[in-house]
file my_file19.cif (mmCIF, N, CA and C atoms; chains and numbers go by the auth columns)
data_start
#
loop_
_atom_site.group_PDB
_atom_site.id
_atom_site.type_symbol
_atom_site.label_atom_id
_atom_site.label_comp_id
_atom_site.label_asym_id
_atom_site.label_seq_id
_atom_site.Cartn_x
_atom_site.Cartn_y
_atom_site.Cartn_z
_atom_site.B_iso_or_equiv
_atom_site.auth_seq_id
_atom_site.auth_asym_id
ATOM 1 N N MET A 1 -39.985 -24.686 -18.300 0.00 1 J
ATOM 2 C CA MET A 1 -39.395 -23.789 -19.268 0.00 1 J
ATOM 3 C C MET A 1 -40.073 -22.421 -19.230 0.00 1 J
ATOM 4 N N ASN A 2 -41.387 -22.416 -19.157 0.00 2 J
ATOM 5 C CA ASN A 2 -42.113 -21.143 -19.103 0.00 2 J
ATOM 6 C C ASN A 2 -41.731 -20.342 -17.877 0.00 2 J
ATOM 7 N N THR A 3 -41.510 -21.035 -16.761 0.00 3 J
ATOM 8 C CA THR A 3 -41.122 -20.345 -15.533 0.00 3 J
ATOM 9 C C THR A 3 -39.769 -19.676 -15.716 0.00 3 J
ATOM 10 N N THR A 4 -38.835 -20.364 -16.337 0.00 4 J
ATOM 11 C CA THR A 4 -37.511 -19.798 -16.578 0.00 4 J
ATOM 12 C C THR A 4 -37.612 -18.579 -17.486 0.00 4 J
ATOM 13 N N VAL A 5 -38.411 -18.655 -18.505 0.00 5 J
ATOM 14 C CA VAL A 5 -38.594 -17.530 -19.423 0.00 5 J
ATOM 15 C C VAL A 5 -39.184 -16.340 -18.683 0.00 5 J
ATOM 16 N N LYS A 6 -40.166 -16.597 -17.825 0.00 6 J
ATOM 17 C CA LYS A 6 -40.789 -15.496 -17.068 0.00 6 J
ATOM 18 C C LYS A 6 -39.795 -14.850 -16.110 0.00 6 J
ATOM 19 N N ILE A 7 -38.965 -15.670 -15.473 0.00 7 J
ATOM 20 C CA ILE A 7 -37.943 -15.139 -14.556 0.00 7 J
ATOM 21 C C ILE A 7 -36.965 -14.261 -15.333 0.00 7 J
ATOM 22 N N LEU A 8 -36.493 -14.769 -16.480 0.00 8 J
ATOM 23 C CA LEU A 8 -35.570 -13.985 -17.298 0.00 8 J
ATOM 24 C C LEU A 8 -36.223 -12.696 -17.795 0.00 8 J
ATOM 25 N N GLN A 9 -37.455 -12.790 -18.193 0.00 9 J
ATOM 26 C CA GLN A 9 -38.176 -11.606 -18.682 0.00 9 J
ATOM 27 C C GLN A 9 -38.266 -10.546 -17.586 0.00 9 J
ATOM 28 N N ARG A 10 -38.604 -10.953 -16.359 0.00 10 J
ATOM 29 C CA ARG A 10 -38.674 -10.002 -15.247 0.00 10 J
ATOM 30 C C ARG A 10 -37.318 -9.356 -14.985 0.00 10 J
ATOM 31 N N LYS A 11 -36.252 -10.180 -15.015 0.00 11 J
ATOM 32 C CA LYS A 11 -34.917 -9.632 -14.758 0.00 11 J
ATOM 33 C C LYS A 11 -34.499 -8.659 -15.853 0.00 11 J
ATOM 34 N N ILE A 12 -34.828 -8.977 -17.097 0.00 12 J
ATOM 35 C CA ILE A 12 -34.482 -8.093 -18.210 0.00 12 J
ATOM 36 C C ILE A 12 -35.245 -6.781 -18.094 0.00 12 J
ATOM 37 N N GLU A 13 -36.515 -6.858 -17.751 0.00 13 J
ATOM 38 C CA GLU A 13 -37.333 -5.649 -17.623 0.00 13 J
ATOM 39 C C GLU A 13 -36.832 -4.741 -16.515 0.00 13 J
ATOM 40 N N ASN A 14 -36.221 -5.306 -15.478 0.00 14 J
ATOM 41 C CA ASN A 14 -35.750 -4.524 -14.337 0.00 14 J
ATOM 42 C C ASN A 14 -34.275 -4.152 -14.436 0.00 14 J
ATOM 43 N N SER A 15 -33.625 -4.455 -15.571 0.00 15 J
ATOM 44 C CA SER A 15 -32.197 -4.183 -15.738 0.00 15 J
ATOM 45 C C SER A 15 -31.962 -2.773 -16.244 0.00 15 J
ATOM 46 N N THR A 16 -30.749 -2.307 -16.012 0.00 16 J
ATOM 47 C CA THR A 16 -30.355 -0.990 -16.508 0.00 16 J
ATOM 48 C C THR A 16 -30.035 -1.092 -17.998 0.00 16 J
ATOM 49 N N PRO A 17 -30.101 0.017 -18.709 0.00 17 J
ATOM 50 C CA PRO A 17 -29.755 0.000 -20.137 0.00 17 J
ATOM 51 C C PRO A 17 -28.320 -0.481 -20.388 0.00 17 J
ATOM 52 N N GLU A 18 -27.406 -0.124 -19.503 0.00 18 J
ATOM 53 C CA GLU A 18 -26.012 -0.542 -19.653 0.00 18 J
ATOM 54 C C GLU A 18 -25.883 -2.059 -19.546 0.00 18 J
ATOM 55 N N LEU A 19 -26.593 -2.629 -18.577 0.00 19 J
ATOM 56 C CA LEU A 19 -26.548 -4.077 -18.403 0.00 19 J
ATOM 57 C C LEU A 19 -27.176 -4.788 -19.599 0.00 19 J
ATOM 58 N N LEU A 20 -28.250 -4.251 -20.115 0.00 20 J
ATOM 59 C CA LEU A 20 -28.893 -4.844 -21.293 0.00 20 J
ATOM 60 C C LEU A 20 -27.980 -4.784 -22.508 0.00 20 J
ATOM 61 N N GLU A 21 -27.238 -3.689 -22.651 0.00 21 J
ATOM 62 C CA GLU A 21 -26.301 -3.578 -23.773 0.00 21 J
ATOM 63 C C GLU A 21 -25.180 -4.611 -23.636 0.00 21 J
ATOM 64 N N ALA A 22 -24.670 -4.777 -22.424 0.00 22 J
ATOM 65 C CA ALA A 22 -23.618 -5.772 -22.197 0.00 22 J
ATOM 66 C C ALA A 22 -24.145 -7.180 -22.462 0.00 22 J
ATOM 67 N N LEU A 23 -25.346 -7.453 -22.025 0.00 23 J
ATOM 68 C CA LEU A 23 -25.958 -8.761 -22.251 0.00 23 J
ATOM 69 C C LEU A 23 -26.144 -9.031 -23.743 0.00 23 J
ATOM 70 N N THR A 24 -26.552 -8.014 -24.471 0.00 24 J
ATOM 71 C CA THR A 24 -26.724 -8.141 -25.920 0.00 24 J
ATOM 72 C C THR A 24 -25.399 -8.474 -26.594 0.00 24 J
ATOM 73 N N LYS A 25 -24.321 -7.825 -26.165 0.00 25 J
ATOM 74 C CA LYS A 25 -23.003 -8.109 -26.743 0.00 25 J
ATOM 75 C C LYS A 25 -22.573 -9.550 -26.467 0.00 25 J
ATOM 76 N N VAL A 26 -22.823 -10.018 -25.257 0.00 26 J
ATOM 77 C CA VAL A 26 -22.460 -11.400 -24.905 0.00 26 J
ATOM 78 C C VAL A 26 -23.245 -12.387 -25.761 0.00 26 J
ATOM 79 N N ILE A 27 -24.527 -12.140 -25.911 0.00 27 J
ATOM 80 C CA ILE A 27 -25.366 -13.044 -26.715 0.00 27 J
ATOM 81 C C ILE A 27 -24.925 -13.016 -28.169 0.00 27 J
ATOM 82 N N ASP A 28 -24.581 -11.836 -28.672 0.00 28 J
ATOM 83 C CA ASP A 28 -24.098 -11.734 -30.053 0.00 28 J
ATOM 84 C C ASP A 28 -22.818 -12.538 -30.252 0.00 28 J
ATOM 85 N N GLN A 29 -21.933 -12.508 -29.256 0.00 29 J
ATOM 86 C CA GLN A 29 -20.691 -13.274 -29.363 0.00 29 J
ATOM 87 C C GLN A 29 -20.986 -14.771 -29.427 0.00 29 J
ATOM 88 N N PHE A 30 -21.940 -15.245 -28.646 0.00 30 J
ATOM 89 C CA PHE A 30 -22.307 -16.660 -28.694 0.00 30 J
ATOM 90 C C PHE A 30 -22.862 -17.032 -30.061 0.00 30 J
ATOM 91 N N GLU A 31 -23.669 -16.157 -30.629 0.00 31 J
ATOM 92 C CA GLU A 31 -24.279 -16.436 -31.925 0.00 31 J
ATOM 93 C C GLU A 31 -23.253 -16.424 -33.046 0.00 31 J
ATOM 94 N N ASN A 32 -22.215 -15.601 -32.908 0.00 32 J
ATOM 95 C CA ASN A 32 -21.234 -15.454 -33.977 0.00 32 J
ATOM 96 C C ASN A 32 -20.099 -16.463 -33.907 0.00 32 J
ATOM 97 N N GLN A 33 -20.015 -17.237 -32.856 0.00 33 J
ATOM 98 C CA GLN A 33 -18.949 -18.219 -32.763 0.00 33 J
ATOM 99 C C GLN A 33 -19.176 -19.298 -33.807 0.00 33 J
ATOM 100 N N SER A 34 -18.134 -19.542 -34.583 0.00 34 J
ATOM 101 C CA SER A 34 -18.262 -20.586 -35.600 0.00 34 J
ATOM 102 C C SER A 34 -17.796 -21.912 -35.019 0.00 34 J
ATOM 103 N N LYS A 35 -18.466 -22.944 -35.433 0.00 35 J
ATOM 104 C CA LYS A 35 -18.095 -24.271 -34.967 0.00 35 J
ATOM 105 C C LYS A 35 -17.223 -24.932 -36.018 0.00 35 J
ATOM 106 N N SER A 36 -16.297 -25.716 -35.545 0.00 36 J
ATOM 107 C CA SER A 36 -15.404 -26.419 -36.450 0.00 36 J
ATOM 108 C C SER A 36 -16.170 -27.498 -37.200 0.00 36 J
ATOM 109 N N SER A 37 -15.843 -27.629 -38.478 0.00 37 J
ATOM 110 C CA SER A 37 -16.489 -28.658 -39.276 0.00 37 J
ATOM 111 C C SER A 37 -15.725 -29.975 -39.208 0.00 37 J
ATOM 112 N N VAL A 38 -14.656 -29.994 -38.406 0.00 38 J
ATOM 113 C CA VAL A 38 -13.860 -31.208 -38.257 0.00 38 J
ATOM 114 C C VAL A 38 -14.533 -32.091 -37.212 0.00 38 J
ATOM 115 N N PRO A 39 -14.792 -33.352 -37.560 0.00 39 J
ATOM 116 C CA PRO A 39 -15.411 -34.259 -36.581 0.00 39 J
ATOM 117 C C PRO A 39 -14.525 -34.438 -35.355 0.00 39 J
ATOM 118 N N GLN A 40 -15.167 -34.630 -34.223 0.00 40 J
ATOM 119 C CA GLN A 40 -14.431 -34.733 -32.959 0.00 40 J
ATOM 120 C C GLN A 40 -13.439 -35.891 -32.964 0.00 40 J
ATOM 121 N N PHE A 41 -13.767 -37.014 -33.627 0.00 41 J
ATOM 122 C CA PHE A 41 -12.839 -38.145 -33.613 0.00 41 J
ATOM 123 C C PHE A 41 -11.539 -37.793 -34.339 0.00 41 J
ATOM 124 N N GLN A 42 -11.596 -36.903 -35.345 0.00 42 J
ATOM 125 C CA GLN A 42 -10.364 -36.493 -36.021 0.00 42 J
ATOM 126 C C GLN A 42 -9.539 -35.568 -35.128 0.00 42 J
ATOM 127 N N VAL A 43 -10.196 -34.693 -34.426 0.00 43 J
ATOM 128 C CA VAL A 43 -9.497 -33.822 -33.480 0.00 43 J
ATOM 129 C C VAL A 43 -8.833 -34.679 -32.406 0.00 43 J
ATOM 130 N N ASP A 44 -9.554 -35.664 -31.897 0.00 44 J
ATOM 131 C CA ASP A 44 -8.996 -36.563 -30.878 0.00 44 J
ATOM 132 C C ASP A 44 -7.784 -37.317 -31.400 0.00 44 J
ATOM 133 N N GLU A 45 -7.836 -37.737 -32.650 0.00 45 J
ATOM 134 C CA GLU A 45 -6.719 -38.468 -33.250 0.00 45 J
ATOM 135 C C GLU A 45 -5.473 -37.588 -33.340 0.00 45 J
ATOM 136 N N VAL A 46 -5.649 -36.345 -33.745 0.00 46 J
ATOM 137 C CA VAL A 46 -4.515 -35.425 -33.821 0.00 46 J
ATOM 138 C C VAL A 46 -3.924 -35.193 -32.432 0.00 46 J
ATOM 139 N N LEU A 47 -4.785 -34.978 -31.449 0.00 47 J
ATOM 140 C CA LEU A 47 -4.301 -34.779 -30.076 0.00 47 J
ATOM 141 C C LEU A 47 -3.566 -36.010 -29.554 0.00 47 J
ATOM 142 N N TYR A 48 -4.073 -37.197 -29.902 0.00 48 J
ATOM 143 C CA TYR A 48 -3.417 -38.434 -29.503 0.00 48 J
ATOM 144 C C TYR A 48 -2.024 -38.532 -30.127 0.00 48 J
ATOM 145 N N ARG A 49 -1.923 -38.187 -31.402 0.00 49 J
ATOM 146 C CA ARG A 49 -0.626 -38.265 -32.086 0.00 49 J
ATOM 147 C C ARG A 49 0.372 -37.275 -31.498 0.00 49 J
ATOM 148 N N ILE A 50 -0.096 -36.087 -31.180 0.00 50 J
ATOM 149 C CA ILE A 50 0.790 -35.092 -30.569 0.00 50 J
ATOM 150 C C ILE A 50 1.284 -35.585 -29.214 0.00 50 J
ATOM 151 N N GLN A 51 0.373 -36.128 -28.414 0.00 51 J
ATOM 152 C CA GLN A 51 0.774 -36.647 -27.109 0.00 51 J
ATOM 153 C C GLN A 51 1.742 -37.811 -27.254 0.00 51 J
ATOM 154 N N PHE A 52 1.495 -38.689 -28.210 0.00 52 J
ATOM 155 C CA PHE A 52 2.381 -39.823 -28.446 0.00 52 J
ATOM 156 C C PHE A 52 3.778 -39.320 -28.817 0.00 52 J
ATOM 157 N N HIS A 53 3.833 -38.291 -29.665 0.00 53 J
ATOM 158 C CA HIS A 53 5.123 -37.747 -30.070 0.00 53 J
ATOM 159 C C HIS A 53 5.840 -37.091 -28.892 0.00 53 J
ATOM 160 N N LYS A 54 5.090 -36.440 -28.027 0.00 54 J
ATOM 161 C CA LYS A 54 5.715 -35.849 -26.834 0.00 54 J
ATOM 162 C C LYS A 54 6.321 -36.930 -25.956 0.00 54 J
ATOM 163 N N ASP A 55 5.615 -38.065 -25.839 0.00 55 J
ATOM 164 C CA ASP A 55 6.118 -39.170 -25.025 0.00 55 J
ATOM 165 C C ASP A 55 7.261 -39.911 -25.705 0.00 55 J
ATOM 166 N N ASN A 56 7.304 -39.858 -27.039 0.00 56 J
ATOM 167 C CA ASN A 56 8.322 -40.556 -27.831 0.00 56 J
ATOM 168 C C ASN A 56 8.913 -39.572 -28.839 0.00 56 J
ATOM 169 N N PRO A 57 9.779 -38.676 -28.395 0.00 57 J
ATOM 170 C CA PRO A 57 10.237 -37.580 -29.250 0.00 57 J
ATOM 171 C C PRO A 57 11.035 -38.012 -30.483 0.00 57 J
ATOM 172 N N LYS A 58 11.532 -39.229 -30.507 0.00 58 J
ATOM 173 C CA LYS A 58 12.306 -39.667 -31.675 0.00 58 J
ATOM 174 C C LYS A 58 11.399 -40.137 -32.815 0.00 58 J
ATOM 175 N N THR A 59 10.103 -40.212 -32.574 0.00 59 J
ATOM 176 C CA THR A 59 9.183 -40.629 -33.622 0.00 59 J
ATOM 177 C C THR A 59 8.869 -39.463 -34.543 0.00 59 J
ATOM 178 N N LYS A 60 8.377 -39.781 -35.702 0.00 60 J
ATOM 179 C CA LYS A 60 8.016 -38.763 -36.694 0.00 60 J
ATOM 180 C C LYS A 60 6.506 -38.531 -36.638 0.00 60 J
ATOM 181 N N LEU A 61 6.114 -37.288 -36.648 0.00 61 J
ATOM 182 C CA LEU A 61 4.688 -36.968 -36.694 0.00 61 J
ATOM 183 C C LEU A 61 4.236 -37.078 -38.139 0.00 61 J
ATOM 184 N N ASP A 62 3.607 -38.173 -38.476 0.00 62 J
ATOM 185 C CA ASP A 62 3.268 -38.434 -39.877 0.00 62 J
ATOM 186 C C ASP A 62 2.249 -37.458 -40.441 0.00 62 J
ATOM 187 N N PHE A 63 1.435 -36.827 -39.600 0.00 63 J
ATOM 188 C CA PHE A 63 0.451 -35.914 -40.171 0.00 63 J
ATOM 189 C C PHE A 63 1.064 -34.600 -40.617 0.00 63 J
ATOM 190 N N TYR A 64 2.320 -34.341 -40.258 0.00 64 J
ATOM 191 C CA TYR A 64 2.960 -33.125 -40.755 0.00 64 J
ATOM 192 C C TYR A 64 3.149 -33.181 -42.271 0.00 64 J
ATOM 193 N N GLU A 65 3.185 -34.371 -42.836 0.00 65 J
ATOM 194 C CA GLU A 65 3.275 -34.486 -44.282 0.00 65 J
ATOM 195 C C GLU A 65 2.000 -33.968 -44.927 0.00 65 J
ATOM 196 N N ASN A 66 0.910 -33.995 -44.198 0.00 66 J
ATOM 197 C CA ASN A 66 -0.384 -33.544 -44.719 0.00 66 J
ATOM 198 C C ASN A 66 -0.848 -32.270 -44.022 0.00 66 J
ATOM 199 N N ILE A 67 0.107 -31.418 -43.665 0.00 67 J
ATOM 200 C CA ILE A 67 -0.226 -30.218 -42.900 0.00 67 J
ATOM 201 C C ILE A 67 -1.161 -29.298 -43.688 0.00 67 J
ATOM 202 N N SER A 68 -1.036 -29.299 -45.010 0.00 68 J
ATOM 203 C CA SER A 68 -1.925 -28.430 -45.796 0.00 68 J
ATOM 204 C C SER A 68 -3.378 -28.879 -45.653 0.00 68 J
ATOM 205 N N ASP A 69 -3.600 -30.194 -45.535 0.00 69 J
ATOM 206 C CA ASP A 69 -4.955 -30.683 -45.297 0.00 69 J
ATOM 207 C C ASP A 69 -5.469 -30.229 -43.939 0.00 69 J
ATOM 208 N N LEU A 70 -4.607 -30.285 -42.933 0.00 70 J
ATOM 209 C CA LEU A 70 -5.020 -29.836 -41.595 0.00 70 J
ATOM 210 C C LEU A 70 -5.381 -28.350 -41.619 0.00 70 J
ATOM 211 N N LYS A 71 -4.563 -27.554 -42.294 0.00 71 J
ATOM 212 C CA LYS A 71 -4.844 -26.120 -42.364 0.00 71 J
ATOM 213 C C LYS A 71 -6.179 -25.876 -43.064 0.00 71 J
ATOM 214 N N LYS A 72 -6.448 -26.665 -44.095 0.00 72 J
ATOM 215 C CA LYS A 72 -7.698 -26.497 -44.830 0.00 72 J
ATOM 216 C C LYS A 72 -8.897 -26.824 -43.926 0.00 72 J
ATOM 217 N N TYR A 73 -8.794 -27.891 -43.142 0.00 73 J
ATOM 218 C CA TYR A 73 -9.907 -28.296 -42.287 0.00 73 J
ATOM 219 C C TYR A 73 -10.132 -27.330 -41.139 0.00 73 J
ATOM 220 N N PHE A 74 -9.057 -26.745 -40.618 0.00 74 J
ATOM 221 C CA PHE A 74 -9.198 -25.849 -39.473 0.00 74 J
ATOM 222 C C PHE A 74 -9.363 -24.401 -39.884 0.00 74 J
ATOM 223 N N ALA A 75 -9.324 -24.097 -41.160 0.00 75 J
ATOM 224 C CA ALA A 75 -9.466 -22.707 -41.618 0.00 75 J
ATOM 225 C C ALA A 75 -10.897 -22.230 -41.503 0.00 75 J
#

call {"tool": "encode", "arguments": {"input": "my_file19.cif", "output": "structure tokens"}}
result
Amino acid sequence: MNTTVKILQRKIENSTPELLEALTKVIDQFENQSKSSVPQFQVDEVLYRIQFHKDNPKTKLDFYENISDLKKYFA
């Protein structure tokens, strides 16, 4: 780990100001990304239901009755 930090430190020290500014923006974007509070198994279940409905178009997507709950979780 220390070796990686030293390598990065050397590269940063030898970078142009423009490159450092771009790198800072990229890092800021990573830090500002919000993570979904919806557990992965619930996301998987929704994706499974959508795929099932695509394969069986005459079926009813039962979670559409609770669409307001989905909007609340993904907001």

call {"tool": "atom_distance", "arguments": {"input": "my_file19.cif", "atom1": "atom CA of J:Lys72", "atom2": "atom CA of J:Lys58"}}
result
27.3 Å

call {"tool": "atom_distance", "arguments": {"input": "my_file19.cif", "atom1": "atom N of J:Glu13", "atom2": "atom N of J:Asp28"}}
result
16.9 Å

call {"tool": "atom_distance", "arguments": {"input": "my_file19.cif", "atom1": "atom C of J:Phe41", "atom2": "atom N of J:Asn56"}}
result
20.3 Å

call {"tool": "axis_aligned_box", "arguments": {"input": "my_file19.cif", "around": "stretch 42-53 of chain J", "padding_each_side": "4 Å", "output": "lines of an AutoDock Vina configuration file"}}
result
center_x = -2.9
center_y = -36.8
center_z = -31.6
size_x = 25.4
size_y = 14.0
size_z = 16.9
